[in-house]
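Shown next: coords19.txt, given as compact mmCIF, C-alpha atoms.
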```
# COMPACT_ATOMS: atom_id res chain seq x y z
CA MET G 1 -20.78 5.54 3.89
CA ALA G 2 -20.34 6.59 7.51
CA SER G 3 -18.47 9.74 8.49
CA SER G 4 -14.70 9.64 8.89
CA SER G 5 -14.87 9.92 12.69
CA ARG G 6 -17.39 7.10 12.91
CA GLN G 7 -15.28 4.92 10.61
CA GLN G 8 -12.27 5.61 12.83
CA ALA G 9 -14.24 4.61 15.93
CA GLN G 10 -15.40 1.40 14.28
CA MET G 11 -11.87 0.44 13.25
CA ASP G 12 -10.52 1.30 16.72
CA ALA G 13 -13.15 -0.99 18.24
CA MET G 14 -12.16 -3.78 15.86
CA GLN G 15 -8.48 -3.27 16.69
CA SER G 16 -9.24 -3.50 20.42
CA MET G 17 -11.30 -6.64 19.86
CA ALA G 18 -8.47 -8.25 17.91
CA SER G 19 -5.97 -7.41 20.67
CA MET G 20 -8.23 -8.68 23.47
CA THR G 21 -9.12 -11.94 21.73
CA ASN G 22 -5.69 -12.44 20.12
CA THR G 23 -7.56 -13.25 16.92
CA LEU G 24 -6.73 -12.13 13.41
CA HIS G 25 -9.63 -10.26 11.79
CA GLY G 26 -10.25 -10.08 8.06
CA LEU G 27 -12.46 -7.70 6.10
CA PHE G 28 -13.65 -8.80 2.67
CA GLY G 29 -15.39 -6.56 0.19
CA THR G 30 -15.14 -4.25 -2.78
CA TYR G 31 -12.60 -1.51 -3.36
CA GLU G 32 -14.58 0.72 -0.99
CA LEU G 33 -12.71 -1.04 1.83
CA LEU G 34 -9.58 0.84 0.75
CA GLU G 35 -10.97 3.92 2.48
CA PHE G 36 -10.56 2.16 5.84
CA ARG G 37 -6.91 1.14 5.57
CA ASN G 38 -5.41 4.62 5.96
CA LEU G 39 -7.71 6.06 8.62
CA SER G 40 -4.74 6.07 11.00
CA GLY G 41 -1.07 5.20 11.07
CA GLN G 42 -1.71 2.41 13.59
CA LEU G 43 -4.27 0.82 11.30
CA SER G 44 -2.00 1.10 8.26
CA ARG G 45 0.87 -0.51 10.18
CA ARG G 46 -1.21 -3.42 11.42
CA SER G 47 -3.12 -4.23 8.22
CA ILE G 48 -2.20 -6.13 5.06
CA ASP G 49 -3.85 -5.67 1.66
CA ILE G 50 -4.68 -8.87 -0.23
CA HIS G 51 -5.96 -8.09 -3.70
CA PHE G 52 -8.10 -10.66 -5.51
CA SER G 53 -7.78 -9.09 -8.92
CA ARG G 54 -9.90 -9.77 -11.95
CA TYR G 55 -8.51 -11.35 -15.10
CA GLN G 56 -6.89 -8.71 -17.32
CA ALA G 57 -7.57 -8.66 -21.07
CA ASP G 58 -4.09 -7.28 -21.81
CA CYS G 59 -2.43 -10.29 -20.17
CA SER G 60 -2.32 -13.40 -22.36
CA GLN G 61 -1.86 -15.71 -19.37
CA ASP G 62 -4.94 -14.24 -17.69
CA LEU G 63 -7.01 -14.90 -20.80
CA VAL G 64 -5.82 -18.50 -20.90
CA GLU G 65 -6.81 -18.94 -17.25
CA PHE G 66 -10.18 -17.28 -17.86
CA GLN G 67 -10.95 -19.80 -20.61
CA ARG G 68 -9.93 -22.63 -18.29
CA VAL G 69 -12.38 -21.32 -15.70
CA LEU G 70 -15.16 -21.33 -18.29
CA LYS G 71 -14.33 -24.89 -19.29
CA SER G 72 -14.30 -25.96 -15.65
CA PHE G 73 -17.72 -24.40 -15.04
CA GLY G 74 -19.14 -26.22 -18.06
CA GLU G 75 -17.73 -29.56 -16.95
CA LYS G 76 -19.33 -29.20 -13.51
CA MET G 77 -22.83 -28.88 -14.96
CA ALA G 78 -24.89 -32.08 -14.72
CA LEU G 79 -26.06 -32.03 -18.33
CA ASP G 80 -26.03 -34.67 -21.06
CA ARG G 81 -23.52 -32.64 -23.04
CA PRO G 82 -21.15 -30.28 -21.24
CA PRO G 83 -21.35 -26.86 -22.90
CA GLU G 84 -18.22 -25.53 -24.58
CA LEU G 85 -18.36 -22.18 -22.84
CA GLU G 86 -14.71 -21.42 -23.57
CA THR G 87 -15.55 -20.98 -27.26
CA HIS G 88 -17.58 -17.91 -26.26
CA TRP G 89 -14.96 -16.58 -23.83
CA GLU G 90 -14.87 -13.07 -25.28
CA HIS G 91 -18.58 -12.52 -24.72
CA PHE G 92 -18.38 -13.90 -21.19
CA TYR G 93 -15.37 -11.73 -20.44
CA GLU G 94 -17.13 -8.66 -21.81
CA ARG G 95 -20.20 -9.07 -19.60
CA SER G 96 -18.32 -10.18 -16.49
CA ILE G 97 -15.45 -7.64 -16.90
CA GLY G 98 -13.12 -10.53 -16.09
CA CYS G 99 -14.54 -11.15 -12.59
CA VAL G 100 -15.15 -14.81 -11.80
CA GLY G 101 -17.73 -13.93 -9.14
CA ILE G 102 -19.91 -12.11 -11.66
CA LEU G 103 -19.42 -14.92 -14.16
CA LYS G 104 -20.42 -17.57 -11.62
CA ASP G 105 -23.64 -15.78 -10.63
CA TRP G 106 -24.52 -15.29 -14.28
CA LEU G 107 -23.95 -18.92 -15.27
CA THR G 108 -25.75 -20.20 -12.17
CA GLN G 109 -28.95 -18.50 -13.30
CA ALA G 110 -28.52 -19.83 -16.83
CA TYR G 111 -27.87 -23.33 -15.51
CA ARG G 112 -31.06 -23.28 -13.45
CA GLN G 113 -33.00 -22.28 -16.53
CA ALA G 114 -31.52 -25.17 -18.49
CA LEU G 115 -32.42 -27.63 -15.72
CA ASP G 116 -36.00 -26.33 -15.57
CA GLU G 117 -36.30 -27.00 -19.31
CA ASN G 118 -34.63 -30.43 -19.05
CA ALA G 119 -32.19 -29.22 -21.70
CA SER G 120 -29.41 -31.53 -22.80
CA THR G 121 -26.84 -28.73 -22.70
CA LEU G 122 -26.44 -25.04 -21.97
CA THR G 123 -26.88 -22.74 -24.95
CA GLU G 124 -26.88 -19.03 -25.69
CA GLN G 125 -30.66 -19.01 -25.25
CA HIS G 126 -30.09 -19.90 -21.60
CA TRP G 127 -27.30 -17.50 -20.67
CA GLN G 128 -28.10 -14.48 -22.80
CA PRO G 129 -31.23 -13.35 -20.85
CA TYR G 130 -29.20 -13.27 -17.63
CA ALA G 131 -26.19 -11.40 -19.00
CA PRO G 132 -25.46 -8.15 -17.13
CA SER G 133 -26.49 -5.16 -19.22
CA VAL G 134 -23.90 -3.03 -20.98
CA SER G 135 -24.64 -0.06 -18.71
CA LYS G 136 -24.08 -2.20 -15.61
CA CYS G 137 -20.83 -3.52 -17.05
CA LEU G 138 -19.64 0.00 -17.78
CA GLN G 139 -20.29 1.02 -14.18
CA MET G 140 -18.62 -2.10 -12.76
CA ALA G 141 -15.62 -1.68 -15.05
CA ALA G 142 -15.19 1.96 -14.07
CA GLU G 143 -15.25 1.10 -10.36
CA ALA G 144 -12.87 -1.83 -10.83
CA ILE G 145 -10.35 0.23 -12.81
CA GLU G 146 -10.50 3.03 -10.23
CA GLY G 147 -9.93 0.54 -7.41
CA GLU G 148 -7.02 -1.06 -9.24
CA LYS G 149 -5.41 2.34 -9.68
CA ALA G 150 -5.70 2.98 -5.94
CA LEU G 151 -3.62 -0.13 -5.29
CA GLN G 152 -0.92 0.75 -7.80
CA PHE G 153 2.33 2.47 -6.90
CA GLU G 154 2.37 6.15 -7.83
CA SER G 155 5.69 7.91 -8.36
CA GLY G 156 4.13 11.17 -7.20
CA GLU G 157 3.32 9.62 -3.83
CA LEU G 158 6.95 8.54 -3.42
CA THR G 159 8.12 12.08 -4.15
CA LEU G 160 5.70 13.43 -1.55
CA LEU G 161 6.88 10.85 1.01
CA ARG G 162 10.54 11.77 0.46
CA GLN G 163 9.69 15.44 0.88
CA LYS G 164 7.91 14.79 4.17
CA LEU G 165 10.88 12.75 5.43
CA GLY G 166 13.41 15.37 4.35
CA LEU G 167 14.96 13.09 1.73
CA SER G 168 14.05 15.10 -1.36
CA GLY G 169 17.57 16.58 -1.64
CA VAL G 170 19.51 13.54 -0.45
CA SER G 171 21.24 11.25 -2.92
CA SER G 172 22.16 7.67 -2.13
CA SER G 173 25.61 8.38 -3.60
CA VAL G 174 26.59 10.34 -0.48
CA LEU G 175 26.48 7.20 1.63
CA PRO G 176 29.78 5.27 1.87
CA THR G 177 29.80 1.72 0.58
CA ASP G 178 30.94 -1.25 2.64
CA ASN G 179 34.27 -1.37 0.77
CA SER G 180 34.94 2.36 1.05
CA SER G 181 37.71 3.60 3.36
CA VAL G 182 37.01 7.29 2.87
CA GLY G 183 37.47 9.26 6.08
CA LEU G 184 39.34 6.49 7.94
CA THR G 185 42.62 7.38 9.62
CA ASN G 186 45.72 5.22 9.47
CA ALA G 187 45.08 4.12 13.04
CA GLN G 188 41.56 3.00 12.11
CA LYS G 189 42.88 1.09 9.10
CA ARG G 190 45.52 -0.72 11.19
CA LYS G 191 44.39 -4.22 12.12
CA TYR G 192 47.26 -5.16 14.46
CA LYS G 193 48.64 -3.63 17.63
CA PRO G 194 51.97 -1.75 17.50
CA GLY G 195 54.96 -4.05 18.06
CA VAL G 196 53.15 -7.18 16.91
CA ARG G 197 54.42 -8.66 13.66
CA GLN G 198 51.91 -9.22 10.95
CA PRO G 199 51.81 -12.88 9.90
CA HIS G 200 53.75 -13.57 6.70
CA ARG G 201 56.03 -16.20 5.22
CA ASP G 202 59.74 -15.53 5.97
CA VAL G 203 62.20 -15.97 3.15
CA ILE G 204 64.32 -19.13 3.57
CA GLY G 205 67.72 -19.51 1.94
CA GLU G 206 69.64 -17.14 -0.27
CA THR G 207 68.06 -15.25 -3.10
```
Before anything else, please render the file you have as C-alpha cells.
Amino acid sequence: MASSSRQQAQMDAMQSMASMTNTLHGLFGTYELLEFRNLSGQLSRRSIDIHFSRYQADCSQDLVEFQRVLKSFGEKMALDRPPELETHWEHFYERSIGCVGILKDWLTQAYRQALDENASTLTEQHWQPYAPSVSKCLQMAAEAIEGEKALQFESGELTLLRQKLGLSGVSSSVLPTDNSSVGLTNAQKRKYKPGVRQPHRDVIGET
C-alpha cells in the first residue's frame, strides 16, 4: 500500500480528472478501498459508499437467496442432468464465506473438469478438489468481517463527533417546538393590527 501522502496525491489527481471531464468515476475493489474514502474532507464529501455485501448466515432471507444462486448456477451448466447444488448449500457457503464471486470461480473450475470428463452431471468429485482450503477461508472471513465492521455505525464515533462540534452537553429538549409560544410577547402573538376587528359571527336576535 502506498504512503498516505501518495494516496492523497492520487485521489486529488482523480478528483481533478473527474472535474475536468465532467465524468463520474467509480472504484471497485476489496475493503482496502475504505482507506481512501477519508483521506480528506473534500473526498469524503464527494464520494458515496456502495457495499456489495456477502450473504449472511444469521439472516434467513440471505440463506434462501444463497440457495437460489446455487440452483441458478446448476441450471446454467450444459450437462445432461443439472446438479442439485442447493442440497449442498452449507458446504458451499462454508468454503465461499457467502461470497458469490468466490463461489462462481470455484464452480467454474469444477464445471470445466466435468466437461473434460464428458460427465453427465457435476458431482462432489468435481468440485471438492477446487474448494478453497480452510486456512484460506479463515483469512478471507477475517478480512470480510473486519471490513463489514468498518462500514457499520459506531456509537463511539457519534459521541466523538458531537464533542468536536460542541454538542456533547446540548440536549434537543432545549430547542422550542413549532407549536411552542415560549418567549413570545403579546405583540408577537397578535395576528391583527390594532383597531381592526377580528372576523367572527355577530349574534343576531335576542338571546
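Distances here use all atoms listed in the file; by that measure, the residue among G:Ala150, G:Met14, G:Asp49, G:His91 closest to Gly29 in chain G is G:Asp49.
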Practice prompt. Could you give me, as a PyMOL selection string, the residues that sit within 9 Å of (-11.0, -10.6, -18.1) in the file's coordinates, counting all atoms listed in the file?
Written response: chain G and resi 54-59+62-63+66+90+92-94+96-100
Discussion item. Nearest residue to Ala78 in chain G out of G:Leu115, G:Met17, G:Ile50, G:Leu34, using all atoms listed in the file?
Written reply: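 The answer is G:Leu115, which sits nearest to Ala78 in chain G.
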Worksheet item: To one decimal place, how far is CA of Arg68 in chain G from CA of Pro129 in chain G in Å?
Response: 23.4 Å
Worksheet item: Expressed in Å to a single decimal, how great is the separation between CA of Ser53 in chain G and CA of Thr108 in chain G?
Response: 21.4 Å
Practice prompt. Go through G:Gln8, G:Asn22, G:Gln61, G:Ser120 and flag the residue nearest Gly41 in chain G, using only C-alpha atoms for the distances.
Written response: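 For Gly41 in chain G, the nearest of the given residues is G:Gln8.
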Worksheet item: Counting only C-alpha atoms, which of G:Glu146, G:Glu32, G:Glu65, G:Asp116 gets nearest to Glu86 in chain G?
Response: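 Under the stated criterion, the closest residue is G:Glu65.
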Item to complete: In Å, rounded to a single decimal, give me how far CA of Asn38 in chain G is from CA of His51 in chain G.
Response: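 Computing it gives 16.0 Å between the two atoms.
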Worksheet, complete the sentence: Judged by only C-alpha atoms, the minimum distance to Thr30 in chain G among G:Glu75, G:Ser135, G:Leu85, G:Glu143 is found for G:Glu143
Fill in: Selection: 8 Å around Ala110 in chain G, all atoms listed in the file, excl. self and same-chain fewer than 3 positions, as an MDAnalysis selection string
chainID G and resid 106:107 113:114 122 126:127 130
Can you fill out range 76-92 of chain G with N, CA and C atoms and hand it back as a PDB file, in the frame of the given file?
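The file below, selection.pdb, is the result:
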```pdb
ATOM      1  N   LYS G  76     -18.669 -28.941 -14.789  1.00  0.00           N
ATOM      2  CA  LYS G  76     -19.330 -29.200 -13.510  1.00  0.00           C
ATOM      3  C   LYS G  76     -20.853 -29.274 -13.644  1.00  0.00           C
ATOM      4  N   MET G  77     -21.382 -28.886 -14.778  1.00  0.00           N
ATOM      5  CA  MET G  77     -22.830 -28.880 -14.960  1.00  0.00           C
ATOM      6  C   MET G  77     -23.327 -30.294 -15.281  1.00  0.00           C
ATOM      7  N   ALA G  78     -24.334 -30.729 -14.541  1.00  0.00           N
ATOM      8  CA  ALA G  78     -24.890 -32.080 -14.720  1.00  0.00           C
ATOM      9  C   ALA G  78     -25.848 -32.100 -15.900  1.00  0.00           C
ATOM     10  N   LEU G  79     -25.278 -32.008 -17.093  1.00  0.00           N
ATOM     11  CA  LEU G  79     -26.060 -32.030 -18.330  1.00  0.00           C
ATOM     12  C   LEU G  79     -25.568 -33.170 -19.212  1.00  0.00           C
ATOM     13  N   ASP G  80     -26.417 -33.567 -20.167  1.00  0.00           N
ATOM     14  CA  ASP G  80     -26.030 -34.670 -21.060  1.00  0.00           C
ATOM     15  C   ASP G  80     -24.772 -34.326 -21.850  1.00  0.00           C
ATOM     16  N   ARG G  81     -24.694 -33.087 -22.290  1.00  0.00           N
ATOM     17  CA  ARG G  81     -23.520 -32.640 -23.040  1.00  0.00           C
ATOM     18  C   ARG G  81     -22.953 -31.385 -22.375  1.00  0.00           C
ATOM     19  N   PRO G  82     -21.748 -31.472 -21.852  1.00  0.00           N
ATOM     20  CA  PRO G  82     -21.150 -30.280 -21.240  1.00  0.00           C
ATOM     21  C   PRO G  82     -21.021 -29.160 -22.273  1.00  0.00           C
ATOM     22  N   PRO G  83     -21.441 -27.962 -21.938  1.00  0.00           N
ATOM     23  CA  PRO G  83     -21.350 -26.860 -22.900  1.00  0.00           C
ATOM     24  C   PRO G  83     -19.897 -26.410 -23.089  1.00  0.00           C
ATOM     25  N   GLU G  84     -19.569 -26.025 -24.281  1.00  0.00           N
ATOM     26  CA  GLU G  84     -18.220 -25.530 -24.580  1.00  0.00           C
ATOM     27  C   GLU G  84     -18.212 -24.010 -24.402  1.00  0.00           C
ATOM     28  N   LEU G  85     -18.265 -23.611 -23.151  1.00  0.00           N
ATOM     29  CA  LEU G  85     -18.360 -22.180 -22.840  1.00  0.00           C
ATOM     30  C   LEU G  85     -17.112 -21.418 -23.268  1.00  0.00           C
ATOM     31  N   GLU G  86     -15.966 -22.103 -23.254  1.00  0.00           N
ATOM     32  CA  GLU G  86     -14.710 -21.420 -23.570  1.00  0.00           C
ATOM     33  C   GLU G  86     -14.679 -20.896 -25.006  1.00  0.00           C
ATOM     34  N   THR G  87     -15.521 -21.467 -25.880  1.00  0.00           N
ATOM     35  CA  THR G  87     -15.550 -20.980 -27.260  1.00  0.00           C
ATOM     36  C   THR G  87     -16.230 -19.611 -27.357  1.00  0.00           C
ATOM     37  N   HIS G  88     -16.922 -19.220 -26.307  1.00  0.00           N
ATOM     38  CA  HIS G  88     -17.580 -17.910 -26.260  1.00  0.00           C
ATOM     39  C   HIS G  88     -16.921 -17.019 -25.198  1.00  0.00           C
ATOM     40  N   TRP G  89     -15.639 -17.239 -24.942  1.00  0.00           N
ATOM     41  CA  TRP G  89     -14.960 -16.580 -23.830  1.00  0.00           C
ATOM     42  C   TRP G  89     -14.998 -15.058 -23.928  1.00  0.00           C
ATOM     43  N   GLU G  90     -14.921 -14.527 -25.145  1.00  0.00           N
ATOM     44  CA  GLU G  90     -14.870 -13.070 -25.280  1.00  0.00           C
ATOM     45  C   GLU G  90     -16.175 -12.422 -24.816  1.00  0.00           C
ATOM     46  N   HIS G  91     -17.287 -13.055 -25.153  1.00  0.00           N
ATOM     47  CA  HIS G  91     -18.580 -12.520 -24.720  1.00  0.00           C
ATOM     48  C   HIS G  91     -18.716 -12.620 -23.199  1.00  0.00           C
ATOM     49  N   PHE G  92     -18.288 -13.740 -22.638  1.00  0.00           N
ATOM     50  CA  PHE G  92     -18.380 -13.900 -21.190  1.00  0.00           C
ATOM     51  C   PHE G  92     -17.444 -12.931 -20.468  1.00  0.00           C
TER      52      PHE G  92
END
```
